[in-house]
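Q: I am sharing upload.csv, which consists of CSV, C-alpha atoms:
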```
chain,number,residue,atom,x,y,z
A,198,MET,CA,0.0,0.0,0.0
A,199,VAL,CA,2.8,2.3,0.8
A,200,MET,CA,4.0,1.7,-2.7
A,201,GLU,CA,0.8,2.9,-4.3
A,202,LEU,CA,2.0,6.4,-4.5
A,203,VAL,CA,4.5,5.3,-7.1
A,204,GLY,CA,1.6,3.8,-9.2
A,205,TYR,CA,-0.2,7.1,-9.0
A,206,GLY,CA,2.9,8.7,-10.5
A,207,MET,CA,3.4,10.7,-7.3
A,208,THR,CA,7.0,10.2,-6.5
A,209,PRO,CA,10.4,9.4,-8.0
A,210,PRO,CA,11.2,6.2,-6.2
A,211,ASP,CA,15.0,5.9,-6.6
A,212,ARG,CA,15.9,9.0,-4.8
A,213,LEU,CA,13.5,8.4,-2.0
A,214,THR,CA,14.7,4.8,-1.8
A,215,ALA,CA,18.2,6.1,-1.1
A,216,THR,CA,16.8,8.4,1.5
A,217,PHE,CA,14.8,5.7,3.3
A,218,THR,CA,17.7,3.3,3.1
A,219,ALA,CA,20.0,5.8,4.7
A,220,LEU,CA,17.4,6.5,7.4
A,221,ALA,CA,16.9,2.8,8.1
A,222,ASP,CA,19.8,2.7,10.5
A,223,PRO,CA,19.6,4.1,14.0
A,224,THR,CA,23.2,5.2,14.1
A,225,ARG,CA,22.7,7.2,10.9
A,226,ARG,CA,19.6,8.7,12.3
A,227,ALA,CA,21.5,9.7,15.4
A,228,ILE,CA,24.2,11.3,13.2
A,229,LEU,CA,21.6,13.3,11.4
A,230,ALA,CA,20.1,14.4,14.7
A,231,ARG,CA,23.6,15.5,15.8
A,232,LEU,CA,24.1,17.4,12.6
A,233,ALA,CA,20.8,19.1,13.0
A,234,GLY,CA,22.5,21.1,15.8
A,235,GLY,CA,25.2,22.3,13.4
A,236,GLU,CA,28.1,21.0,11.3
A,237,ALA,CA,30.7,18.7,12.9
A,238,SER,CA,33.9,16.8,12.1
A,239,VAL,CA,34.1,13.0,11.9
A,240,LEU,CA,35.8,13.0,15.3
A,241,GLU,CA,33.1,15.1,16.9
A,242,ILE,CA,30.4,12.9,15.4
A,243,ALA,CA,32.1,9.7,16.5
A,244,ALA,CA,32.6,10.8,20.1
A,245,PRO,CA,29.3,9.8,21.6
A,246,PHE,CA,29.3,6.4,19.8
A,247,ALA,CA,30.9,3.2,21.0
A,248,MET,CA,32.1,2.7,17.4
A,249,SER,CA,35.3,3.0,15.5
A,250,GLN,CA,35.9,6.1,13.4
A,251,PRO,CA,36.1,4.0,10.2
A,252,ALA,CA,32.7,2.5,11.1
A,253,ILE,CA,31.3,6.1,11.5
A,254,SER,CA,33.0,7.1,8.2
A,255,LYS,CA,31.1,4.3,6.5
A,256,HIS,CA,27.8,5.5,7.8
A,257,LEU,CA,28.7,9.1,6.7
A,258,LYS,CA,29.4,7.8,3.2
A,259,VAL,CA,25.9,6.2,3.0
A,260,LEU,CA,24.4,9.5,4.2
A,261,GLU,CA,26.5,11.5,1.7
A,262,ARG,CA,25.5,9.2,-1.2
A,263,ALA,CA,21.8,9.7,-0.3
A,264,GLY,CA,22.4,13.5,-0.3
A,265,LEU,CA,21.5,13.8,3.3
A,266,ILE,CA,24.8,15.3,4.3
A,267,SER,CA,27.6,17.2,2.5
A,268,ARG,CA,31.3,17.4,3.4
A,269,GLY,CA,33.2,20.6,3.7
A,270,ARG,CA,36.3,21.3,1.6
A,271,ASP,CA,38.7,21.9,4.6
A,272,ALA,CA,41.1,19.0,3.8
A,273,GLN,CA,41.9,18.2,7.5
A,274,ARG,CA,38.5,18.6,9.1
A,275,ARG,CA,36.0,18.0,6.3
A,276,PRO,CA,33.1,19.0,8.4
A,277,CYS,CA,29.8,17.3,7.8
A,278,ARG,CA,26.6,19.2,7.5
A,279,LEU,CA,23.0,18.3,7.1
A,280,GLU,CA,21.2,18.8,3.8
A,281,ALA,CA,17.6,19.2,4.6
A,282,GLN,CA,16.1,18.9,1.1
A,283,PRO,CA,16.0,15.1,0.8
A,284,LEU,CA,14.5,14.9,4.2
A,285,ALA,CA,11.9,17.4,3.2
A,286,GLU,CA,11.1,15.3,0.1
A,287,ALA,CA,10.7,12.1,2.1
A,288,THR,CA,8.5,13.9,4.7
A,289,GLY,CA,6.5,15.3,1.8
A,290,TRP,CA,6.1,11.9,0.4
A,291,LEU,CA,4.8,10.5,3.7
A,292,GLU,CA,2.4,13.5,3.8
A,293,ARG,CA,1.1,12.6,0.3
A,294,TYR,CA,0.6,9.0,1.5
A,295,ARG,CA,-1.4,10.2,4.4
A,296,GLU,CA,-3.5,12.5,2.2
A,297,LEU,CA,-4.1,9.7,-0.3
A,298,TRP,CA,-5.6,7.5,2.4
A,299,GLU,CA,-7.5,10.3,4.1
A,300,GLY,CA,-9.1,11.0,0.7
A,301,ASN,CA,-10.0,7.3,0.3
A,302,PHE,CA,-11.4,7.1,3.8
A,303,ALA,CA,-13.4,10.3,3.5
A,304,ARG,CA,-15.1,8.8,0.4
A,305,LEU,CA,-15.7,5.6,2.4
A,306,ASP,CA,-17.3,7.7,5.2
A,307,ALA,CA,-19.7,9.1,2.7
A,308,LEU,CA,-20.4,5.7,1.2
A,309,LEU,CA,-21.1,4.2,4.6
A,310,ASP,CA,-23.5,7.0,5.5
A,311,GLU,CA,-25.3,6.4,2.2
A,312,LEU,CA,-25.6,2.7,2.8
A,313,GLN,CA,-26.9,3.3,6.4
A,314,ALA,CA,-29.5,5.6,5.0
A,315,ASP,CA,-30.6,3.0,2.5
A,316,ILE,CA,-30.9,0.3,5.2
A,317,LYS,CA,-33.1,2.4,7.5
A,318,PRO,CA,-34.8,5.1,5.4
A,319,ALA,CA,-38.0,5.3,7.5
A,320,LYS,CA,-36.5,5.5,11.0
A,321,PRO,CA,-38.6,8.1,12.9
A,322,ALA,CA,-35.7,9.4,15.0
A,323,LYS,CA,-34.0,10.5,11.8
A,324,ARG,CA,-36.8,12.8,10.7
A,325,ARG,CA,-35.7,16.3,10.3
A,326,ARG,CA,-37.4,19.0,12.3
A,327,ARG,CA,-38.3,21.1,9.2
A,328,ASP,CA,-40.2,18.0,7.9
A,329,ALA,CA,-42.4,18.0,11.0
A,330,PRO,CA,-46.0,19.4,10.6
B,269,MET,CA,-15.6,16.5,23.4
B,270,ASN,CA,-16.0,16.0,19.7
B,271,ALA,CA,-15.8,12.3,19.6
B,272,ALA,CA,-16.9,11.9,16.0
B,273,ARG,CA,-14.1,14.1,14.8
B,274,SER,CA,-11.3,12.5,16.9
B,275,LYS,CA,-12.4,9.0,15.9
B,276,ARG,CA,-11.8,9.9,12.3
B,277,GLN,CA,-8.1,10.6,12.7
B,278,LEU,CA,-6.0,8.4,10.5
B,279,GLN,CA,-3.2,6.9,12.7
B,280,LEU,CA,0.0,5.8,11.0
B,281,ALA,CA,2.3,3.7,13.2
B,282,THR,CA,5.2,1.3,13.1
B,283,PRO,CA,4.3,-1.8,15.3
B,284,SER,CA,7.6,-3.5,14.4
B,285,ASP,CA,10.6,-2.7,12.2
B,286,ARG,CA,9.1,-4.5,9.2
B,287,GLU,CA,5.5,-3.3,9.5
B,288,ILE,CA,3.5,-0.2,8.8
B,289,SER,CA,0.0,0.1,10.3
B,290,MET,CA,-2.9,2.4,9.6
B,291,THR,CA,-5.9,2.7,11.9
B,292,ARG,CA,-9.1,4.6,11.2
B,293,ALA,CA,-12.6,4.5,12.8
B,294,PHE,CA,-15.8,4.6,10.9
B,295,ASP,CA,-19.3,5.4,12.1
B,296,ALA,CA,-20.9,2.2,10.8
B,297,PRO,CA,-21.4,-1.4,11.9
B,298,ARG,CA,-18.6,-3.8,11.2
B,299,ASP,CA,-20.5,-5.9,8.6
B,300,ARG,CA,-21.0,-2.9,6.5
B,301,VAL,CA,-17.4,-1.8,6.7
B,302,PHE,CA,-16.3,-5.3,5.9
B,303,ASP,CA,-18.5,-5.3,2.8
B,304,ALA,CA,-17.1,-1.9,1.7
B,305,PHE,CA,-13.6,-3.5,1.8
B,306,THR,CA,-14.5,-6.6,-0.1
B,307,THR,CA,-17.3,-5.8,-2.6
B,308,PRO,CA,-16.2,-4.6,-6.0
B,309,LYS,CA,-19.1,-2.2,-6.5
B,310,LEU,CA,-18.3,-0.6,-3.2
B,311,LEU,CA,-14.5,-0.6,-3.5
B,312,GLN,CA,-14.8,1.2,-6.9
B,313,ARG,CA,-16.5,4.1,-5.1
B,314,TRP,CA,-13.9,4.8,-2.5
B,315,LEU,CA,-10.5,3.1,-3.1
B,316,LEU,CA,-9.5,5.6,-5.8
B,317,GLY,CA,-6.5,7.5,-4.5
B,318,PRO,CA,-6.0,11.1,-5.6
B,319,ASP,CA,-8.7,13.0,-7.5
B,320,GLY,CA,-8.9,12.2,-11.1
B,321,TRP,CA,-8.4,8.5,-10.8
B,322,SER,CA,-11.0,5.8,-11.3
B,323,MET,CA,-10.9,2.0,-10.8
B,324,PRO,CA,-12.2,0.4,-14.0
B,325,VAL,CA,-11.2,-3.1,-12.9
B,326,CYS,CA,-12.1,-4.5,-9.6
B,327,GLU,CA,-12.3,-8.3,-9.4
B,328,VAL,CA,-12.6,-10.0,-6.0
B,329,ASP,CA,-12.8,-13.8,-5.4
B,330,LEU,CA,-13.4,-13.6,-1.7
B,331,ARG,CA,-12.3,-16.9,-0.3
B,332,PRO,CA,-9.0,-18.3,1.1
B,333,GLY,CA,-6.8,-18.8,-2.0
B,334,GLY,CA,-9.1,-16.6,-4.1
B,335,ALA,CA,-7.5,-13.8,-6.2
B,336,PHE,CA,-8.2,-10.2,-6.6
B,337,HIS,CA,-7.2,-7.7,-9.2
B,338,TYR,CA,-7.5,-3.9,-9.1
B,339,VAL,CA,-6.7,-1.5,-11.9
B,340,TRP,CA,-6.6,2.3,-11.5
B,341,ARG,CA,-6.8,4.7,-14.3
B,342,ASN,CA,-5.9,8.3,-14.6
B,343,ASP,CA,-9.0,9.8,-16.4
B,344,ALA,CA,-7.0,12.7,-17.8
B,345,ASP,CA,-4.1,10.9,-19.5
B,346,GLY,CA,-5.3,7.3,-19.6
B,347,ASN,CA,-2.3,6.0,-17.6
B,348,GLU,CA,-3.1,2.8,-15.7
B,349,PHE,CA,-1.5,0.6,-13.0
B,350,GLY,CA,-2.7,-2.6,-11.4
B,351,LEU,CA,-2.5,-4.4,-8.1
B,352,HIS,CA,-3.2,-8.1,-7.7
B,353,GLY,CA,-2.9,-10.7,-5.0
B,354,SER,CA,-4.7,-13.5,-3.2
B,355,TYR,CA,-6.5,-13.9,0.0
B,356,ARG,CA,-4.9,-16.0,2.7
B,357,ALA,CA,-7.7,-15.8,5.4
B,358,ILE,CA,-11.2,-14.5,5.3
B,359,GLU,CA,-12.9,-14.3,8.7
B,360,ARG,CA,-16.0,-12.3,8.1
B,361,PRO,CA,-16.5,-9.8,9.6
B,362,GLU,CA,-13.4,-9.4,11.6
B,363,ARG,CA,-10.3,-10.2,9.7
B,364,ILE,CA,-8.8,-10.4,6.2
B,365,VAL,CA,-5.3,-11.5,5.4
B,366,HIS,CA,-4.1,-11.0,1.8
B,367,VAL,CA,-0.9,-10.9,-0.2
B,368,GLU,CA,-0.4,-8.2,-2.8
B,369,ASN,CA,1.9,-7.0,-5.5
B,370,PHE,CA,1.8,-4.6,-8.4
B,371,ASP,CA,1.2,-5.9,-11.9
B,372,GLN,CA,4.5,-4.3,-12.9
B,373,PRO,CA,6.4,-4.6,-9.7
B,374,TRP,CA,9.2,-2.2,-9.0
B,375,TYR,CA,10.2,-4.0,-5.8
B,376,PRO,CA,10.8,-7.8,-5.4
B,377,GLY,CA,8.6,-10.0,-3.2
B,378,ASP,CA,5.1,-9.5,-1.9
B,379,ALA,CA,3.6,-7.6,1.0
B,380,THR,CA,1.2,-9.3,3.4
B,381,ILE,CA,-1.7,-7.1,4.6
B,382,THR,CA,-3.7,-8.0,7.6
B,383,THR,CA,-6.9,-6.0,8.0
B,384,THR,CA,-8.9,-6.2,11.2
B,385,PHE,CA,-12.4,-4.8,12.0
B,386,VAL,CA,-13.3,-4.2,15.6
B,387,GLU,CA,-16.8,-2.8,16.4
B,388,ARG,CA,-17.6,-1.0,19.6
B,389,ASP,CA,-20.8,1.0,20.2
B,390,GLY,CA,-21.6,1.1,16.5
B,391,VAL,CA,-18.2,2.4,15.6
B,392,THR,CA,-15.9,0.1,13.6
B,393,THR,CA,-12.1,0.6,13.9
B,394,VAL,CA,-10.2,-0.7,11.0
B,395,THR,CA,-6.5,-1.5,11.3
B,396,MET,CA,-4.4,-2.4,8.3
B,397,VAL,CA,-0.9,-3.8,8.9
B,398,GLN,CA,1.4,-4.2,6.0
B,399,ALA,CA,4.3,-6.6,6.5
B,400,PHE,CA,7.1,-7.2,4.0
B,401,ASP,CA,7.3,-10.9,3.8
B,402,THR,CA,10.4,-11.2,1.6
B,403,PRO,CA,12.9,-9.0,3.4
B,404,GLU,CA,15.9,-10.6,1.6
B,405,GLY,CA,14.3,-9.7,-1.7
B,406,LEU,CA,13.6,-6.2,-0.5
B,407,GLN,CA,17.2,-6.0,0.8
B,408,ALA,CA,18.6,-7.0,-2.5
B,409,ALA,CA,16.8,-4.3,-4.3
B,410,LEU,CA,17.1,-1.5,-1.9
B,411,GLU,CA,20.5,-2.0,-0.3
B,412,SER,CA,21.3,-3.4,3.1
B,413,GLY,CA,19.6,-2.0,6.1
B,414,MET,CA,16.3,-1.4,4.4
B,415,GLU,CA,14.6,-4.4,5.8
B,416,THR,CA,15.4,-3.6,9.4
B,417,GLY,CA,14.3,-0.1,9.6
B,418,VAL,CA,12.3,1.3,6.7
B,419,ALA,CA,9.2,1.5,8.9
B,420,ALA,CA,11.0,2.7,12.0
B,421,SER,CA,12.6,5.5,10.0
B,422,TYR,CA,9.2,7.0,9.3
B,423,ASP,CA,8.8,7.9,12.9
B,424,ARG,CA,12.1,9.7,12.9
B,425,LEU,CA,11.5,11.8,9.8
B,426,ASP,CA,9.4,14.5,11.3
B,427,GLU,CA,11.6,14.7,14.4
B,428,ILE,CA,14.8,15.1,12.4
B,429,LEU,CA,13.3,17.5,9.9
B,430,ASN,CA,11.8,19.6,12.6
B,431,ALA,CA,15.2,19.7,14.4
B,432,SER,CA,17.0,20.7,11.2
B,433,THR,CA,14.6,23.5,10.3
B,434,GLY,CA,14.7,24.7,13.9
B,435,SER,CA,18.4,25.2,13.8
B,436,SER,CA,18.9,26.8,10.5
```
Since I need it in another form, could you write the structure as structure tokens?
A:
Amino acid sequence: MVMELVGYGMTPPDRLTATFTALADPTRRAILARLAGGEASVLEIAAPFAMSQPAISKHLKVLERAGLISRGRDAQRRPCRLEAQPLAEATGWLERYRELWEGNFARLDALLDELQADIKPAKPAKRRRRDAP
Amino acid sequence: MNAARSKRQLQLATPSDREISMTRAFDAPRDRVFDAFTTPKLLQRWLLGPDGWSMPVCEVDLRPGGAFHYVWRNDADGNEFGLHGSYRAIERPERIVHVENFDQPWYPGDATITTTFVERDGVTTVTMVQAFDTPEGLQAALESGMETGVAASYDRLDEILNASTGSS
């Protein structure tokens, strides 16, 4: 069902796939949350994790490939910074998914009301006041 | 308290790291809601997606092992896409389990959807849980890590995005 948006031609799947793949890992999400507070070097990013710097660098590469972060030019420090656009696209996609189903269910509400009315058309309690003598 | 309004909120959740669930209440008895989810004439009136789409094909063989086939059509440009699958369990009026995939799949494997209908005081709450049943196939296509956290990541998106916009 999640995939239905693609069928409706509402999203370019490849780019979002990279975004969701990158977000699938808790360490990478934690790195993004850290970078949301401002840019940081690999050493600074690695500090709170019980993980080697090469392991952190590997996660950073996944994030960079997905376009979620960029690396600075400073050869020594190469600070990482968050790129908000892919996250915004992914969130927008989820929002469209929600809207899609809200639209479906609003139509279903109307249909169920109509079916209920068909089942009990003559129920006295339903009589509207302006119909009363 | 506006009960009617709050009941109609669509809840999206991640019950496990391989599942996505949707919950929505309807002001109708369970039998009727069950019918609306399983009767072609009724499905064609609401399961349409965005405005401008219709559902010209809706075939349902409602029994365990029975198949279904839906085709949606964009009325403006004529583009179509289809979804097909089969029913694994039919427990009228409380539960349906089915497997589905697109006619032209862009991801490997199927998804299993369990739909439950719970009625209380005339209000029926529908929960649809989608589980990816071939995580290794999904993994092959979407790179490693996808199968362990695609659903869990949804919960984090807003959080991360809000944090990033707040700091810039």
Q: Pick out the chain A residues within 8 Å of chain B. Count all atoms listed in the file. Give them as a ChimeraX atom specification.
A: /A:198,204-205,214-215,217-222,226,229-230,232-235,279,281,284-285,287-288,291,295,297-302,304-306,308-310,313
Q: For the atom pair CA of Phe246 in chain A and CA of Gln282 in chain A, what is the interatomic distance in Å to one decimal place?
A: 26.1 Å
Q: Taking (32.8, 17.6, 4.8) in the file's coordinates, which residues come within 9 Å, counting only C-alpha atoms, written as a PyMOL selection string?
A: chain A and resi 236-239+266-272+274-278
Q: So which one's closest to Asp378 in chain B, B:Ala399, B:Val328, B:Val391, B:Ala335? Using only C-alpha atoms, please.
A: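 Result for the nearest residue to Asp378 in chain B: B:Ala399.
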Q: Using Å and a single decimal, report how far CA of Thr306 in chain B sits from CA of Ser322 in chain B.
A: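 Spanning CA of Ser322 in chain B to CA of Thr306 in chain B is a straight-line distance of 17.1 Å.
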Q: Here is a test: counting all atoms listed in the file, which residue of A:Pro251, A:Ala314, A:Thr216, A:Arg225 is nearest to Pro283 in chain A?
A: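 Of A:Pro251, A:Ala314, A:Thr216, A:Arg225, the one nearest Pro283 in chain A is A:Thr216, counting all atoms listed in the file.
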